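> Take a look at coords_12.pdb, PDB, N, CA and C atoms:
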ATOM      1  N   MET A   1      63.616  37.535  17.601
ATOM      2  CA  MET A   1      64.565  36.947  18.521
ATOM      3  C   MET A   1      65.916  37.616  18.359
ATOM      4  N   THR A   2      66.561  37.694  19.448
ATOM      5  CA  THR A   2      67.875  38.306  19.423
ATOM      6  C   THR A   2      68.935  37.245  19.162
ATOM      7  N   GLY A   3      70.113  37.727  18.882
ATOM      8  CA  GLY A   3      71.227  36.815  18.615
ATOM      9  C   GLY A   3      71.562  35.964  19.822
ATOM     10  N   ARG A   4      71.404  36.584  21.001
ATOM     11  CA  ARG A   4      71.721  35.848  22.226
ATOM     12  C   ARG A   4      70.716  34.722  22.452
ATOM     13  N   ALA A   5      69.444  34.967  22.164
ATOM     14  CA  ALA A   5      68.411  33.952  22.354
ATOM     15  C   ALA A   5      68.637  32.786  21.388
ATOM     16  N   LEU A   6      69.024  33.098  20.166
ATOM     17  CA  LEU A   6      69.309  32.039  19.193
ATOM     18  C   LEU A   6      70.513  31.205  19.621
ATOM     19  N   ALA A   7      71.522  31.851  20.154
ATOM     20  CA  ALA A   7      72.719  31.140  20.595
ATOM     21  C   ALA A   7      72.395  30.224  21.755
ATOM     22  N   GLU A   8      71.516  30.672  22.676
ATOM     23  CA  GLU A   8      71.140  29.840  23.809
ATOM     24  C   GLU A   8      70.337  28.629  23.360
ATOM     25  N   GLU A   9      69.462  28.804  22.384
ATOM     26  CA  GLU A   9      68.683  27.680  21.870
ATOM     27  C   GLU A   9      69.574  26.685  21.135
ATOM     28  N   ALA A  10      70.541  27.170  20.388
ATOM     29  CA  ALA A  10      71.403  26.298  19.588
ATOM     30  C   ALA A  10      72.427  25.578  20.446
ATOM     31  N   ALA A  11      72.826  26.173  21.553
ATOM     32  CA  ALA A  11      73.848  25.558  22.413
ATOM     33  C   ALA A  11      73.224  24.399  23.173
ATOM     34  N   PRO A  12      73.881  23.244  23.195
ATOM     35  CA  PRO A  12      73.329  22.108  23.937
ATOM     36  C   PRO A  12      73.434  22.342  25.426
ATOM     37  N   THR A  13      72.551  21.702  26.147
ATOM     38  CA  THR A  13      72.564  21.853  27.601
ATOM     39  C   THR A  13      73.743  21.090  28.179
ATOM     40  N   ASP A  14      74.074  21.437  29.426
ATOM     41  CA  ASP A  14      75.193  20.769  30.094
ATOM     42  C   ASP A  14      74.928  19.272  30.245
ATOM     43  N   ALA A  15      73.696  18.888  30.504
ATOM     44  CA  ALA A  15      73.361  17.465  30.666
ATOM     45  C   ALA A  15      73.565  16.718  29.353
ATOM     46  N   ALA A  16      73.155  17.348  28.255
ATOM     47  CA  ALA A  16      73.330  16.709  26.945
ATOM     48  C   ALA A  16      74.799  16.566  26.611
ATOM     49  N   VAL A  17      75.589  17.567  26.947
ATOM     50  CA  VAL A  17      77.033  17.513  26.686
ATOM     51  C   VAL A  17      77.670  16.402  27.511
ATOM     52  N   GLU A  18      77.291  16.312  28.809
ATOM     53  CA  GLU A  18      77.858  15.272  29.665
ATOM     54  C   GLU A  18      77.465  13.885  29.177
ATOM     55  N   GLU A  19      76.211  13.720  28.771
ATOM     56  CA  GLU A  19      75.755  12.414  28.289
ATOM     57  C   GLU A  19      76.486  12.029  27.015
ATOM     58  N   THR A  20      76.640  12.956  26.103
ATOM     59  CA  THR A  20      77.337  12.694  24.851
ATOM     60  C   THR A  20      78.802  12.383  25.107
ATOM     61  N   SER A  21      79.435  13.161  25.982
ATOM     62  CA  SER A  21      80.852  12.926  26.254
ATOM     63  C   SER A  21      81.053  11.604  26.982
ATOM     64  N   SER A  22      80.122  11.245  27.871
ATOM     65  CA  SER A  22      80.276   9.967  28.560
ATOM     66  C   SER A  22      80.060   8.809  27.592
ATOM     67  N   THR A  23      79.172   8.975  26.623
ATOM     68  CA  THR A  23      78.970   7.946  25.610
ATOM     69  C   THR A  23      80.228   7.797  24.759
ATOM     70  N   TYR A  24      80.804   8.931  24.383
ATOM     71  CA  TYR A  24      82.041   8.875  23.612
ATOM     72  C   TYR A  24      83.164   8.249  24.429
ATOM     73  N   ALA A  25      83.226   8.585  25.703
ATOM     74  CA  ALA A  25      84.264   8.031  26.570
ATOM     75  C   ALA A  25      84.096   6.520  26.688
ATOM     76  N   ALA A  26      82.871   6.047  26.826
ATOM     77  CA  ALA A  26      82.621   4.604  26.922
ATOM     78  C   ALA A  26      83.013   3.913  25.623
ATOM     79  N   ASP A  27      82.663   4.516  24.496
ATOM     80  CA  ASP A  27      83.031   3.940  23.205
ATOM     81  C   ASP A  27      84.543   3.903  23.037
ATOM     82  N   ASP A  28      85.188   4.996  23.408
ATOM     83  CA  ASP A  28      86.652   5.054  23.301
ATOM     84  C   ASP A  28      87.306   4.020  24.208
ATOM     85  N   PHE A  29      86.769   3.881  25.432
ATOM     86  CA  PHE A  29      87.321   2.897  26.359
ATOM     87  C   PHE A  29      87.132   1.484  25.826
ATOM     88  N   ALA A  30      85.970   1.196  25.239
ATOM     89  CA  ALA A  30      85.711  -0.135  24.688
ATOM     90  C   ALA A  30      86.692  -0.447  23.557
ATOM     91  N   LYS A  31      86.935   0.527  22.690
ATOM     92  CA  LYS A  31      87.877   0.325  21.585
ATOM     93  C   LYS A  31      89.291   0.109  22.111
ATOM     94  N   LEU A  32      89.665   0.911  23.091
ATOM     95  CA  LEU A  32      90.997   0.785  23.672
ATOM     96  C   LEU A  32      91.159  -0.553  24.383
ATOM     97  N   SER A  33      90.138  -0.961  25.107
ATOM     98  CA  SER A  33      90.174  -2.233  25.814
ATOM     99  C   SER A  33      90.317  -3.396  24.831
ATOM    100  N   ARG A  34      89.584  -3.360  23.750
ATOM    101  CA  ARG A  34      89.673  -4.416  22.731
ATOM    102  C   ARG A  34      91.071  -4.434  22.104
ATOM    103  N   ALA A  35      91.610  -3.272  21.827
ATOM    104  CA  ALA A  35      92.950  -3.201  21.236
ATOM    105  C   ALA A  35      93.993  -3.802  22.174
ATOM    106  N   VAL A  36      93.860  -3.514  23.464
ATOM    107  CA  VAL A  36      94.814  -4.064  24.435
ATOM    108  C   VAL A  36      94.669  -5.579  24.521
ATOM    109  N   ARG A  37      93.424  -6.076  24.558
ATOM    110  CA  ARG A  37      93.216  -7.523  24.623
ATOM    111  C   ARG A  37      93.777  -8.222  23.387
ATOM    112  N   LEU A  38      93.547  -7.665  22.218
ATOM    113  CA  LEU A  38      94.080  -8.259  20.989
ATOM    114  C   LEU A  38      95.601  -8.249  20.980
ATOM    115  N   THR A  39      96.184  -7.157  21.449
ATOM    116  CA  THR A  39      97.639  -7.056  21.504
ATOM    117  C   THR A  39      98.212  -8.107  22.440
ATOM    118  N   LEU A  40      97.601  -8.270  23.596
ATOM    119  CA  LEU A  40      98.078  -9.283  24.546
ATOM    120  C   LEU A  40      97.909 -10.691  23.986
ATOM    121  N   ASP A  41      96.803 -10.938  23.296
ATOM    122  CA  ASP A  41      96.577 -12.254  22.687
ATOM    123  C   ASP A  41      97.628 -12.539  21.616
ATOM    124  N   LEU A  42      97.893 -11.568  20.772
ATOM    125  CA  LEU A  42      98.907 -11.759  19.729
ATOM    126  C   LEU A  42     100.293 -11.962  20.330
ATOM    127  N   ALA A  43     100.592 -11.241  21.397
ATOM    128  CA  ALA A  43     101.889 -11.416  22.057
ATOM    129  C   ALA A  43     101.998 -12.820  22.640
ATOM    130  N   GLY A  44     100.919 -13.325  23.218
ATOM    131  CA  GLY A  44     100.917 -14.689  23.750
ATOM    132  C   GLY A  44     101.111 -15.723  22.666
ATOM    133  N   ARG A  45     100.444 -15.530  21.542
ATOM    134  CA  ARG A  45     100.609 -16.472  20.417
ATOM    135  C   ARG A  45     102.030 -16.439  19.879
ATOM    136  N   LEU A  46     102.613 -15.251  19.819
ATOM    137  CA  LEU A  46     103.980 -15.127  19.344
ATOM    138  C   LEU A  46     104.946 -15.847  20.278
ATOM    139  N   GLU A  47     104.762 -15.662  21.575
ATOM    140  CA  GLU A  47     105.625 -16.353  22.538
ATOM    141  C   GLU A  47     105.482 -17.861  22.436
ATOM    142  N   GLU A  48     104.263 -18.349  22.263
ATOM    143  CA  GLU A  48     104.031 -19.796  22.121
ATOM    144  C   GLU A  48     104.679 -20.327  20.852
ATOM    145  N   SER A  49     104.572 -19.586  19.769
ATOM    146  CA  SER A  49     105.198 -20.008  18.510
ATOM    147  C   SER A  49     106.715 -20.045  18.631
ATOM    148  N   LEU A  50     107.272 -19.051  19.277
ATOM    149  CA  LEU A  50     108.723 -19.035  19.474
ATOM    150  C   LEU A  50     109.182 -20.198  20.350
ATOM    151  N   ARG A  51     108.419 -20.482  21.409
ATOM    152  CA  ARG A  51     108.764 -21.603  22.277
ATOM    153  C   ARG A  51     108.713 -22.918  21.508
ATOM    154  N   ALA A  52     107.664 -23.088  20.690
ATOM    155  CA  ALA A  52     107.532 -24.306  19.892
ATOM    156  C   ALA A  52     108.655 -24.409  18.866
ATOM    157  N   LEU A  53     109.004 -23.304  18.273
ATOM    158  CA  LEU A  53     110.075 -23.306  17.283
ATOM    159  C   LEU A  53     111.395 -23.703  17.925
ATOM    160  N   ARG A  54     111.660 -23.151  19.098
ATOM    161  CA  ARG A  54     112.897 -23.483  19.793
ATOM    162  C   ARG A  54     112.917 -24.945  20.221
ATOM    163  N   ALA A  55     111.761 -25.499  20.537
ATOM    164  CA  ALA A  55     111.684 -26.883  20.994
ATOM    165  C   ALA A  55     111.668 -27.868  19.829
ATOM    166  N   GLY A  56     111.555 -27.397  18.611
ATOM    167  CA  GLY A  56     111.552 -28.279  17.444
ATOM    168  C   GLY A  56     110.205 -28.881  17.129
ATOM    169  N   GLU A  57     109.150 -28.378  17.740
ATOM    170  CA  GLU A  57     107.821 -28.931  17.501
ATOM    171  C   GLU A  57     107.310 -28.604  16.102
ATOM    172  N   ILE A  58     107.757 -27.528  15.543
ATOM    173  CA  ILE A  58     107.287 -27.125  14.216
ATOM    174  C   ILE A  58     107.687 -28.187  13.183
ATOM    175  N   ALA A  59     108.902 -28.693  13.279
ATOM    176  CA  ALA A  59     109.365 -29.712  12.343
ATOM    177  C   ALA A  59     108.541 -30.983  12.492
ATOM    178  N   VAL A  60     108.186 -31.341  13.718
ATOM    179  CA  VAL A  60     107.383 -32.540  13.963
ATOM    180  C   VAL A  60     106.006 -32.372  13.333
ATOM    181  N   ARG A  61     105.409 -31.196  13.499
ATOM    182  CA  ARG A  61     104.086 -30.947  12.911
ATOM    183  C   ARG A  61     104.146 -31.004  11.389
ATOM    184  N   ALA A  62     105.204 -30.464  10.809
ATOM    185  CA  ALA A  62     105.329 -30.473   9.349
ATOM    186  C   ALA A  62     105.439 -31.904   8.836
ATOM    187  N   VAL A  63     106.202 -32.731   9.534
ATOM    188  CA  VAL A  63     106.346 -34.137   9.128
ATOM    189  C   VAL A  63     105.012 -34.850   9.240
ATOM    190  N   ARG A  64     104.298 -34.613  10.336
ATOM    191  CA  ARG A  64     102.975 -35.243  10.510
ATOM    192  C   ARG A  64     102.011 -34.796   9.417
ATOM    193  N   ARG A  65     102.043 -33.520   9.070
ATOM    194  CA  ARG A  65     101.163 -33.004   8.030
ATOM    195  C   ARG A  65     101.476 -33.664   6.691
ATOM    196  N   GLN A  66     102.761 -33.801   6.377
ATOM    197  CA  GLN A  66     103.147 -34.429   5.113
ATOM    198  C   GLN A  66     102.737 -35.901   5.089
ATOM    199  N   GLU A  67     102.906 -36.594   6.219
ATOM    200  CA  GLU A  67     102.499 -37.993   6.279
ATOM    201  C   GLU A  67     100.985 -38.121   6.098
ATOM    202  N   GLY A  68     100.234 -37.232   6.711
ATOM    203  CA  GLY A  68      98.776 -37.250   6.559
ATOM    204  C   GLY A  68      98.349 -36.991   5.128
ATOM    205  N   GLU A  69      99.015 -36.053   4.464
ATOM    206  CA  GLU A  69      98.693 -35.777   3.061
ATOM    207  C   GLU A  69      99.024 -36.976   2.179
ATOM    208  N   ALA A  70     100.146 -37.642   2.468
ATOM    209  CA  ALA A  70     100.522 -38.829   1.691
ATOM    210  C   ALA A  70      99.505 -39.948   1.904
ATOM    211  N   ARG A  71      99.070 -40.152   3.164
ATOM    212  CA  ARG A  71      98.049 -41.177   3.446
ATOM    213  C   ARG A  71      96.755 -40.866   2.712
ATOM    214  N   ALA A  72      96.364 -39.605   2.715
ATOM    215  CA  ALA A  72      95.127 -39.211   2.035
ATOM    216  C   ALA A  72      95.239 -39.438   0.528
ATOM    217  N   ALA A  73      96.410 -39.155  -0.045
ATOM    218  CA  ALA A  73      96.602 -39.372  -1.485
ATOM    219  C   ALA A  73      96.536 -40.855  -1.816
ATOM    220  N   ARG A  74      97.183 -41.689  -0.973
ATOM    221  CA  ARG A  74      97.127 -43.147  -1.212
ATOM    222  C   ARG A  74      95.704 -43.669  -1.085
ATOM    223  N   ALA A  75      94.974 -43.187  -0.092
ATOM    224  CA  ALA A  75      93.590 -43.616   0.091
ATOM    225  C   ALA A  75      92.735 -43.199  -1.102
ATOM    226  N   GLY A  76      92.983 -42.016  -1.632
ATOM    227  CA  GLY A  76      92.241 -41.567  -2.816
ATOM    228  C   GLY A  76      92.532 -42.439  -4.027
ATOM    229  N   MET A  77      93.800 -42.827  -4.189
ATOM    230  CA  MET A  77      94.146 -43.706  -5.322
ATOM    231  C   MET A  77      93.507 -45.078  -5.156
ATOM    232  N   VAL A  78      93.460 -45.596  -3.932
ATOM    233  CA  VAL A  78      92.834 -46.902  -3.682
ATOM    234  C   VAL A  78      91.340 -46.822  -3.989
ATOM    235  N   ARG A  79      90.689 -45.731  -3.563
ATOM    236  CA  ARG A  79      89.255 -45.566  -3.853
ATOM    237  C   ARG A  79      89.005 -45.463  -5.352
ATOM    238  N   ALA A  80      89.858 -44.732  -6.061
ATOM    239  CA  ALA A  80      89.691 -44.594  -7.514
ATOM    240  C   ALA A  80      89.876 -45.937  -8.205
ATOM    241  N   ALA A  81      90.867 -46.717  -7.767
ATOM    242  CA  ALA A  81      91.095 -48.038  -8.368
ATOM    243  C   ALA A  81      89.911 -48.965  -8.079
ATOM    244  N   ALA A  82      89.373 -48.907  -6.869
ATOM    245  CA  ALA A  82      88.218 -49.741  -6.526
ATOM    246  C   ALA A  82      87.002 -49.348  -7.359
ATOM    247  N   ALA A  83      86.836 -48.067  -7.596
ATOM    248  CA  ALA A  83      85.711 -47.614  -8.417
ATOM    249  C   ALA A  83      85.866 -48.088  -9.856
ATOM    250  N   CYS A  84      87.095 -48.025 -10.397
ATOM    251  CA  CYS A  84      87.332 -48.509 -11.762
ATOM    252  C   CYS A  84      87.079 -50.005 -11.861
ATOM    253  N   ASP A  85      87.520 -50.762 -10.865
ATOM    254  CA  ASP A  85      87.282 -52.212 -10.859
ATOM    255  C   ASP A  85      85.794 -52.525 -10.807
ATOM    256  N   LYS A  86      85.055 -51.778 -10.003
ATOM    257  CA  LYS A  86      83.615 -52.004  -9.894
ATOM    258  C   LYS A  86      82.920 -51.719 -11.220
ATOM    259  N   VAL A  87      83.313 -50.629 -11.877
ATOM    260  CA  VAL A  87      82.723 -50.292 -13.175
ATOM    261  C   VAL A  87      83.047 -51.373 -14.202
ATOM    262  N   ALA A  88      84.287 -51.830 -14.228
ATOM    263  CA  ALA A  88      84.669 -52.885 -15.172
ATOM    264  C   ALA A  88      83.882 -54.158 -14.906
ATOM    265  N   GLU A  89      83.680 -54.488 -13.648
ATOM    266  CA  GLU A  89      82.912 -55.681 -13.299
ATOM    267  C   GLU A  89      81.463 -55.555 -13.746
ATOM    268  N   GLN A  90      80.873 -54.395 -13.541
ATOM    269  CA  GLN A  90      79.486 -54.179 -13.937
ATOM    270  C   GLN A  90      79.339 -54.186 -15.459
ATOM    271  N   VAL A  91      80.284 -53.619 -16.169
ATOM    272  CA  VAL A  91      80.242 -53.631 -17.639
ATOM    273  C   VAL A  91      80.347 -55.065 -18.142
ATOM    274  N   ALA A  92      81.250 -55.821 -17.553
ATOM    275  CA  ALA A  92      81.393 -57.230 -17.961
ATOM    276  C   ALA A  92      80.117 -58.001 -17.690
ATOM    277  N   MET A  93      79.472 -57.721 -16.579
ATOM    278  CA  MET A  93      78.222 -58.409 -16.243
ATOM    279  C   MET A  93      77.126 -58.060 -17.253
ATOM    280  N   VAL A  94      77.028 -56.797 -17.629
ATOM    281  CA  VAL A  94      76.016 -56.384 -18.608
ATOM    282  C   VAL A  94      76.304 -57.006 -19.964
ATOM    283  N   ILE A  95      77.576 -57.033 -20.359
ATOM    284  CA  ILE A  95      77.940 -57.616 -21.649
ATOM    285  C   ILE A  95      77.593 -59.101 -21.675
ATOM    286  N   SER A  96      77.927 -59.800 -20.608
ATOM    287  CA  SER A  96      77.638 -61.235 -20.597
ATOM    288  C   SER A  96      76.142 -61.496 -20.562
ATOM    289  N   THR A  97      75.369 -60.616 -19.926
ATOM    290  CA  THR A  97      73.922 -60.786 -19.859
ATOM    291  C   THR A  97      73.267 -60.463 -21.197
ATOM    292  N   GLU A  98      73.720 -59.440 -21.874
ATOM    293  CA  GLU A  98      73.071 -58.954 -23.087
ATOM    294  C   GLU A  98      73.582 -59.609 -24.377
ATOM    295  N   SER A  99      74.723 -60.220 -24.333
ATOM    296  CA  SER A  99      75.241 -60.805 -25.572
ATOM    297  C   SER A  99      74.493 -62.090 -25.903
ATOM    298  N   GLU A 100      74.372 -62.363 -27.210
ATOM    299  CA  GLU A 100      73.610 -63.520 -27.646
ATOM    300  C   GLU A 100      74.434 -64.807 -27.574
ATOM    301  N   SER A 101      75.702 -64.674 -27.735
ATOM    302  CA  SER A 101      76.530 -65.878 -27.656
ATOM    303  C   SER A 101      77.778 -65.570 -26.830
ATOM    304  N   GLU A 102      78.449 -66.617 -26.449
ATOM    305  CA  GLU A 102      79.655 -66.455 -25.663
ATOM    306  C   GLU A 102      80.746 -65.802 -26.500
ATOM    307  N   ARG A 103      80.749 -66.084 -27.804
ATOM    308  CA  ARG A 103      81.754 -65.509 -28.693
ATOM    309  C   ARG A 103      81.585 -63.976 -28.765
ATOM    310  N   ASP A 104      80.335 -63.491 -28.819
ATOM    311  CA  ASP A 104      80.065 -62.067 -28.862
ATOM    312  C   ASP A 104      80.540 -61.386 -27.573
ATOM    313  N   SER A 105      80.310 -62.030 -26.473
ATOM    314  CA  SER A 105      80.705 -61.439 -25.211
ATOM    315  C   SER A 105      82.218 -61.389 -25.060
ATOM    316  N   SER A 106      82.892 -62.430 -25.525
ATOM    317  CA  SER A 106      84.365 -62.423 -25.422
ATOM    318  C   SER A 106      84.982 -61.404 -26.376
ATOM    319  N   ASP A 107      84.324 -61.154 -27.516
ATOM    320  CA  ASP A 107      84.806 -60.132 -28.443
ATOM    321  C   ASP A 107      84.660 -58.725 -27.825
ATOM    322  N   LEU A 108      83.594 -58.482 -27.103
ATOM    323  CA  LEU A 108      83.361 -57.184 -26.481
ATOM    324  C   LEU A 108      84.253 -56.933 -25.269
ATOM    325  N   LEU A 109      84.580 -57.999 -24.590
ATOM    326  CA  LEU A 109      85.449 -57.832 -23.410
ATOM    327  C   LEU A 109      86.861 -57.711 -23.878
TER
END
Let me see whether you can do it: turn the structure in this file into C-alpha cells.


Amino acid sequence: MTGRALAEEAAPTDAAVEETSSTYAADDFAKLSRAVRLTLDLAGRLEESLRALRAGEIAVRAVRRQEGEARAARAGMVRAAAACDKVAEQVAMVISTESESERDSSDLL
C-alpha cells in the first residue's frame, strides 16, 4: 500500500465528521443551555432574597425559627420529665409488690 492509500483509509469520511461534529455541537449546546438556566435561576433567587431582606421578612423568619426551636426544647424537656415520672412510678409499683412488709418498701423508696 502506498502512503496515499493509508492516509485515505485513516481519514474519516465526511459523513462521520459531520455526525461527530453535530454530536459535539448538541452536547455543547446542552451544557450551555443548562448553564444559562442555572444562572437565571440563581439570579432569580438572589433578587427574591434581596426583596425579602429589604422588606424585613428575614428577621421575621429568624424569630419564628427561634420560637420553634424553643418550643421543641420545652416539649423535649416535658417528655423527658414524663418518662422519668413513669419510671419512678413503675419502680415504686415493683417495690411495693415485691417487698415482704410495708417497712421494707418504705425503706427502699

> Please compute the CA of Ser101 (chain A)-CA of Cys84 (chain A) distance, one decimal, in Å.

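That distance, rounded to one decimal, is 25.9 Å.
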
> Rounded to one decimal place, report the CA of Ala82 (chain A)-CA of Gln66 (chain A) distance in Å.

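These two atoms are separated by 24.3 Å.
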
> I'd like the box whose edges run along x, y and z of the file and which contains every listed atom of region 53-64 of chain A, padded by 5 Å per side; could you state its centre and edge lengths in Å, one decimal, as AutoDock Vina command-line options?


--center_x 107.5 --center_y -29.2 --center_z 14.9 --size_x 20.9 --size_y 22.1 --size_z 22.2

> Could you jot down the CA of Arg61 (chain A) to CA of Ala43 (chain A) separation for me, Å, one decimal place?

21.7 Å
